[in-house]
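First the structure, in the form of structure tokens, and then the observations on it.
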Amino acid sequence: MFSHITVGTNDLLKSKHFYSAILLPLGYIQREVIPDGGPKACCWLSKESTLPRFYIYEPFNKQVATPGNGAMVSFLAADIVSVNKSYAAGLQNGGVDEGAPNERTHYGVGYYGAYLRDPDGNKIHIVFRGDLLSPTID
């Protein structure tokens with residue numbers, strides 16, 4: 001469905017540490033971004049696929065990066081342990097708690113997630129979708 005998702009940052013190095021920390025437990029790897037004349041950037045992707053990709057950039061227009069009101073990026077975890085590790089790593093690397101890891105049955109039985117704000121204030125969700133593992137789910 002997605003080719004890539006980008007999030008703006010005002011401090012590329014700080015955000016790089018944050019995202020590297022939360023994405024490693026989820027199985028994502030960082031890849032080199034070849035300079036193309038645009039702003040400096042960092043990129044992560046799955047070990048198994050070249051798409052989709054997640055990028056952080058300094059804004060193209062050189063203005064201050066601001067979080068989108070109502071916007072959120074959700075990263076899929078393979079299991080509950082990965083959610084917990086990713087969330088803890090985020091807090092240790094400049095993230096701010098927006099909802100500790102917990103089962104959220106109002107979204108579905110087996111839905112387990114955590115919420116953070118990255119160092120620039122972007123809302124990040126880390127989720128294990130156990131609710132979709134049932135063979136009875138359409």
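To be explicit about the labels: the chains of the structure tokens are called A, B, and onward in the order shown, and within each one the residues are counted from 1, while ligands get numbers from 1 in the order they are shown.
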
Run DSSP on the backbone and grab whatever in range 11-85 of chain A lands in strand (DSSP E or B); send it over as a PyMOL selection string.
chain A and resi 28-31+41-46+53-57+73-76

Any chance you can output those residues with N, CA and C atoms as a short mmCIF file (atom, residue, chain, number, x, y, z; two decimals), in the first residue's frame?
```cif
data_model
loop_
_atom_site.label_atom_id
_atom_site.label_comp_id
_atom_site.auth_asym_id
_atom_site.auth_seq_id
_atom_site.Cartn_x
_atom_site.Cartn_y
_atom_site.Cartn_z
N TYR A 28 13.78 -3.75 11.79
CA TYR A 28 14.10 -2.85 10.69
C TYR A 28 15.58 -2.49 10.71
N ILE A 29 16.14 -2.25 9.54
CA ILE A 29 17.53 -1.87 9.42
C ILE A 29 17.64 -0.50 8.78
N GLN A 30 18.72 0.21 9.11
CA GLN A 30 18.95 1.51 8.49
C GLN A 30 19.74 1.30 7.22
N ARG A 31 19.40 2.06 6.19
CA ARG A 31 20.15 2.00 4.94
C ARG A 31 20.69 3.39 4.63
N ALA A 41 18.98 13.07 5.22
CA ALA A 41 17.90 12.15 5.60
C ALA A 41 18.48 10.85 6.13
N CYS A 42 17.63 10.10 6.83
CA CYS A 42 17.94 8.73 7.26
C CYS A 42 16.76 7.86 6.84
N CYS A 43 17.05 6.58 6.59
CA CYS A 43 16.03 5.67 6.08
C CYS A 43 16.14 4.32 6.77
N TRP A 44 14.97 3.69 7.02
CA TRP A 44 14.90 2.34 7.56
C TRP A 44 13.93 1.52 6.72
N LEU A 45 14.20 0.22 6.67
CA LEU A 45 13.32 -0.69 5.95
C LEU A 45 13.46 -2.08 6.54
N SER A 46 12.57 -2.95 6.14
CA SER A 46 12.58 -4.34 6.58
C SER A 46 13.78 -5.07 6.00
N ARG A 53 9.45 2.04 2.99
CA ARG A 53 10.57 2.65 3.71
C ARG A 53 10.05 3.75 4.62
N PHE A 54 10.81 4.00 5.68
CA PHE A 54 10.51 5.09 6.61
C PHE A 54 11.70 6.05 6.61
N TYR A 55 11.42 7.33 6.37
CA TYR A 55 12.47 8.35 6.31
C TYR A 55 12.25 9.43 7.36
N ILE A 56 13.35 9.98 7.86
CA ILE A 56 13.31 11.24 8.60
C ILE A 56 14.15 12.24 7.80
N TYR A 57 13.64 13.46 7.69
CA TYR A 57 14.28 14.51 6.90
C TYR A 57 14.28 15.82 7.67
N VAL A 73 2.33 7.74 13.01
CA VAL A 73 2.96 6.64 12.28
C VAL A 73 2.93 5.43 13.19
N SER A 74 2.41 4.31 12.67
CA SER A 74 2.32 3.07 13.45
C SER A 74 3.26 2.03 12.86
N PHE A 75 4.13 1.50 13.71
CA PHE A 75 5.07 0.46 13.30
C PHE A 75 4.57 -0.88 13.82
N LEU A 76 4.52 -1.87 12.93
CA LEU A 76 4.04 -3.20 13.27
C LEU A 76 5.14 -4.02 13.93
#
```

Compile the contact shell of range 105-122 of chain A as a PDB file with N, CA and C atoms, in the first residue's frame: residues with an atom at most 9 Å away, counting only C-alpha atoms, same-chain residues fewer than 2 positions apart removed.
```pdb
ATOM      1  N   VAL A   7       8.877  11.718   7.989  1.00  0.00           N
ATOM      2  CA  VAL A   7       8.597  12.547   9.157  1.00  0.00           C
ATOM      3  C   VAL A   7       9.693  13.603   9.213  1.00  0.00           C
ATOM      4  N   GLY A   8       9.301  14.842   9.435  1.00  0.00           N
ATOM      5  CA  GLY A   8      10.279  15.922   9.533  1.00  0.00           C
ATOM      6  C   GLY A   8      10.956  15.947  10.890  1.00  0.00           C
ATOM      7  N   THR A   9      12.183  16.450  10.902  1.00  0.00           N
ATOM      8  CA  THR A   9      12.928  16.585  12.151  1.00  0.00           C
ATOM      9  C   THR A   9      13.734  17.876  12.154  1.00  0.00           C
ATOM     10  N   ASN A  10      13.952  18.409  13.348  1.00  0.00           N
ATOM     11  CA  ASN A  10      14.805  19.580  13.524  1.00  0.00           C
ATOM     12  C   ASN A  10      16.208  19.197  13.985  1.00  0.00           C
ATOM     13  N   ASP A  11      16.384  17.948  14.374  1.00  0.00           N
ATOM     14  CA  ASP A  11      17.679  17.463  14.854  1.00  0.00           C
ATOM     15  C   ASP A  11      17.869  16.047  14.318  1.00  0.00           C
ATOM     16  N   LYS A  14      19.684  13.424  16.674  1.00  0.00           N
ATOM     17  CA  LYS A  14      18.857  12.999  17.814  1.00  0.00           C
ATOM     18  C   LYS A  14      17.733  12.069  17.349  1.00  0.00           C
ATOM     19  N   SER A  15      17.087  12.423  16.258  1.00  0.00           N
ATOM     20  CA  SER A  15      16.005  11.586  15.731  1.00  0.00           C
ATOM     21  C   SER A  15      16.536  10.265  15.192  1.00  0.00           C
ATOM     22  N   PHE A  18      16.878   8.006  18.121  1.00  0.00           N
ATOM     23  CA  PHE A  18      15.553   7.586  18.583  1.00  0.00           C
ATOM     24  C   PHE A  18      14.988   6.493  17.681  1.00  0.00           C
ATOM     25  N   TYR A  19      14.944   6.740  16.381  1.00  0.00           N
ATOM     26  CA  TYR A  19      14.337   5.770  15.466  1.00  0.00           C
ATOM     27  C   TYR A  19      15.173   4.499  15.332  1.00  0.00           C
ATOM     28  N   ALA A  65      10.468  21.958  11.460  1.00  0.00           N
ATOM     29  CA  ALA A  65       9.625  20.756  11.354  1.00  0.00           C
ATOM     30  C   ALA A  65       8.632  20.767  12.508  1.00  0.00           C
ATOM     31  N   THR A  66       7.363  20.529  12.191  1.00  0.00           N
ATOM     32  CA  THR A  66       6.321  20.476  13.219  1.00  0.00           C
ATOM     33  C   THR A  66       5.519  19.193  13.043  1.00  0.00           C
ATOM     34  N   PRO A  67       5.040  18.614  14.164  1.00  0.00           N
ATOM     35  CA  PRO A  67       4.218  17.403  14.045  1.00  0.00           C
ATOM     36  C   PRO A  67       2.844  17.733  13.481  1.00  0.00           C
ATOM     37  N   GLY A  68       2.284  16.819  12.731  1.00  0.00           N
ATOM     38  CA  GLY A  68       0.953  17.004  12.169  1.00  0.00           C
ATOM     39  C   GLY A  68      -0.120  16.730  13.215  1.00  0.00           C
ATOM     40  N   ASN A  69      -1.085  17.609  13.323  1.00  0.00           N
ATOM     41  CA  ASN A  69      -2.194  17.410  14.253  1.00  0.00           C
ATOM     42  C   ASN A  69      -3.098  16.310  13.711  1.00  0.00           C
ATOM     43  N   ALA A  71      -1.925  13.339  12.945  1.00  0.00           N
ATOM     44  CA  ALA A  71      -1.069  12.395  12.218  1.00  0.00           C
ATOM     45  C   ALA A  71      -0.358  11.465  13.198  1.00  0.00           C
ATOM     46  N   MET A  72      -0.167  10.213  12.786  1.00  0.00           N
ATOM     47  CA  MET A  72       0.535   9.242  13.609  1.00  0.00           C
ATOM     48  C   MET A  72       1.130   8.188  12.688  1.00  0.00           C
ATOM     49  N   VAL A  73       2.335   7.739  13.006  1.00  0.00           N
ATOM     50  CA  VAL A  73       2.965   6.643  12.280  1.00  0.00           C
ATOM     51  C   VAL A  73       2.930   5.427  13.192  1.00  0.00           C
ATOM     52  N   SER A  74       2.413   4.314  12.672  1.00  0.00           N
ATOM     53  CA  SER A  74       2.321   3.070  13.448  1.00  0.00           C
ATOM     54  C   SER A  74       3.264   2.034  12.858  1.00  0.00           C
ATOM     55  N   ALA A  77       4.806  -4.637  15.062  1.00  0.00           N
ATOM     56  CA  ALA A  77       5.734  -5.503  15.793  1.00  0.00           C
ATOM     57  C   ALA A  77       5.338  -6.956  15.596  1.00  0.00           C
ATOM     58  N   ASP A  79       5.569  -9.281  17.876  1.00  0.00           N
ATOM     59  CA  ASP A  79       5.032  -9.854  19.106  1.00  0.00           C
ATOM     60  C   ASP A  79       5.025  -8.794  20.209  1.00  0.00           C
ATOM     61  N   ILE A  80       4.463  -9.162  21.349  1.00  0.00           N
ATOM     62  CA  ILE A  80       4.345  -8.253  22.494  1.00  0.00           C
ATOM     63  C   ILE A  80       5.722  -7.864  23.027  1.00  0.00           C
ATOM     64  N   VAL A  83       7.137  -5.021  21.102  1.00  0.00           N
ATOM     65  CA  VAL A  83       6.492  -3.747  21.456  1.00  0.00           C
ATOM     66  C   VAL A  83       7.148  -3.185  22.705  1.00  0.00           C
ATOM     67  N   ASN A  84       7.282  -4.019  23.728  1.00  0.00           N
ATOM     68  CA  ASN A  84       7.852  -3.572  25.000  1.00  0.00           C
ATOM     69  C   ASN A  84       9.293  -3.082  24.840  1.00  0.00           C
ATOM     70  N   TYR A  87       9.341   0.293  22.816  1.00  0.00           N
ATOM     71  CA  TYR A  87       8.848   1.392  23.652  1.00  0.00           C
ATOM     72  C   TYR A  87       9.919   1.821  24.662  1.00  0.00           C
ATOM     73  N   GLY A  90      12.687   3.645  23.011  1.00  0.00           N
ATOM     74  CA  GLY A  90      12.270   4.995  22.655  1.00  0.00           C
ATOM     75  C   GLY A  90      12.365   5.953  23.821  1.00  0.00           C
ATOM     76  N   LEU A  91      11.915   5.514  24.997  1.00  0.00           N
ATOM     77  CA  LEU A  91      11.997   6.365  26.188  1.00  0.00           C
ATOM     78  C   LEU A  91      13.447   6.667  26.549  1.00  0.00           C
ATOM     79  N   ASN A  93      15.827   7.041  24.533  1.00  0.00           N
ATOM     80  CA  ASN A  93      16.470   7.802  23.458  1.00  0.00           C
ATOM     81  C   ASN A  93      15.699   9.057  23.078  1.00  0.00           C
ATOM     82  N   GLY A  94      15.117   9.708  24.069  1.00  0.00           N
ATOM     83  CA  GLY A  94      14.494  11.005  23.855  1.00  0.00           C
ATOM     84  C   GLY A  94      13.012  10.998  23.585  1.00  0.00           C
ATOM     85  N   GLY A  95      12.375   9.828  23.593  1.00  0.00           N
ATOM     86  CA  GLY A  95      10.935   9.756  23.387  1.00  0.00           C
ATOM     87  C   GLY A  95      10.171  10.139  24.644  1.00  0.00           C
ATOM     88  N   VAL A  96       8.918  10.524  24.456  1.00  0.00           N
ATOM     89  CA  VAL A  96       8.035  10.903  25.561  1.00  0.00           C
ATOM     90  C   VAL A  96       6.832   9.974  25.549  1.00  0.00           C
ATOM     91  N   ASP A  97       6.488   9.451  26.713  1.00  0.00           N
ATOM     92  CA  ASP A  97       5.356   8.527  26.845  1.00  0.00           C
ATOM     93  C   ASP A  97       4.046   9.182  26.431  1.00  0.00           C
ATOM     94  N   GLU A  98       3.275   8.466  25.634  1.00  0.00           N
ATOM     95  CA  GLU A  98       1.913   8.870  25.264  1.00  0.00           C
ATOM     96  C   GLU A  98       0.940   7.736  25.537  1.00  0.00           C
ATOM     97  N   GLY A  99       1.412   6.657  26.149  1.00  0.00           N
ATOM     98  CA  GLY A  99       0.575   5.498  26.447  1.00  0.00           C
ATOM     99  C   GLY A  99       1.436   4.252  26.529  1.00  0.00           C
ATOM    100  N   ALA A 100       1.656   3.778  27.745  1.00  0.00           N
ATOM    101  CA  ALA A 100       2.540   2.631  27.976  1.00  0.00           C
ATOM    102  C   ALA A 100       2.013   1.379  27.279  1.00  0.00           C
ATOM    103  N   PRO A 101       2.891   0.408  27.008  1.00  0.00           N
ATOM    104  CA  PRO A 101       2.467  -0.839  26.370  1.00  0.00           C
ATOM    105  C   PRO A 101       1.360  -1.515  27.170  1.00  0.00           C
ATOM    106  N   ASN A 102       0.335  -1.934  26.457  1.00  0.00           N
ATOM    107  CA  ASN A 102      -0.813  -2.544  27.113  1.00  0.00           C
ATOM    108  C   ASN A 102      -1.715  -3.160  26.049  1.00  0.00           C
ATOM    109  N   GLU A 103      -2.496  -4.143  26.473  1.00  0.00           N
ATOM    110  CA  GLU A 103      -3.525  -4.666  25.580  1.00  0.00           C
ATOM    111  C   GLU A 103      -4.609  -3.603  25.463  1.00  0.00           C
ATOM    112  N   ILE A 124       4.058   8.437  17.592  1.00  0.00           N
ATOM    113  CA  ILE A 124       4.497   7.138  17.097  1.00  0.00           C
ATOM    114  C   ILE A 124       3.752   6.052  17.858  1.00  0.00           C
ATOM    115  N   HIS A 125       3.283   5.060  17.127  1.00  0.00           N
ATOM    116  CA  HIS A 125       2.570   3.923  17.721  1.00  0.00           C
ATOM    117  C   HIS A 125       3.326   2.657  17.352  1.00  0.00           C
ATOM    118  N   ILE A 126       3.533   1.799  18.333  1.00  0.00           N
ATOM    119  CA  ILE A 126       4.162   0.500  18.104  1.00  0.00           C
ATOM    120  C   ILE A 126       3.116  -0.533  18.468  1.00  0.00           C
ATOM    121  N   VAL A 127       2.790  -1.433  17.541  1.00  0.00           N
ATOM    122  CA  VAL A 127       1.631  -2.301  17.752  1.00  0.00           C
ATOM    123  C   VAL A 127       1.893  -3.737  17.307  1.00  0.00           C
ATOM    124  N   PHE A 128       1.399  -4.659  18.105  1.00  0.00           N
ATOM    125  CA  PHE A 128       1.305  -6.067  17.736  1.00  0.00           C
ATOM    126  C   PHE A 128      -0.168  -6.331  17.483  1.00  0.00           C
ATOM    127  N   ARG A 129      -0.507  -6.812  16.287  1.00  0.00           N
ATOM    128  CA  ARG A 129      -1.900  -7.005  15.902  1.00  0.00           C
ATOM    129  C   ARG A 129      -2.321  -8.458  16.074  1.00  0.00           C
ATOM    130  N   GLY A 130      -2.315  -8.924  17.322  1.00  0.00           N
ATOM    131  CA  GLY A 130      -2.794 -10.267  17.609  1.00  0.00           C
ATOM    132  C   GLY A 130      -4.255 -10.448  17.264  1.00  0.00           C
ATOM    133  N   ASP A 131      -4.991  -9.330  17.195  1.00  0.00           N
ATOM    134  CA  ASP A 131      -6.409  -9.390  16.844  1.00  0.00           C
ATOM    135  C   ASP A 131      -6.614  -9.844  15.401  1.00  0.00           C
ATOM    136  N   LEU A 132      -5.597  -9.732  14.566  1.00  0.00           N
ATOM    137  CA  LEU A 132      -5.719 -10.127  13.160  1.00  0.00           C
ATOM    138  C   LEU A 132      -5.169 -11.520  12.879  1.00  0.00           C
ATOM    139  N   LEU A 133      -4.695 -12.206  13.924  1.00  0.00           N
ATOM    140  CA  LEU A 133      -4.132 -13.541  13.735  1.00  0.00           C
ATOM    141  C   LEU A 133      -5.192 -14.628  13.673  1.00  0.00           C
TER     142      LEU A 133
END
```

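Picture a line from CA of Glu48 in chain A to CA of Leu26 in chain A; it runs 12.4 Å.
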
Taking only C-alpha atoms into account, which of A:Pro39, A:Leu13, A:Ser3, A:Ala89 comes nearest Gln63 in chain A?
A:Pro39
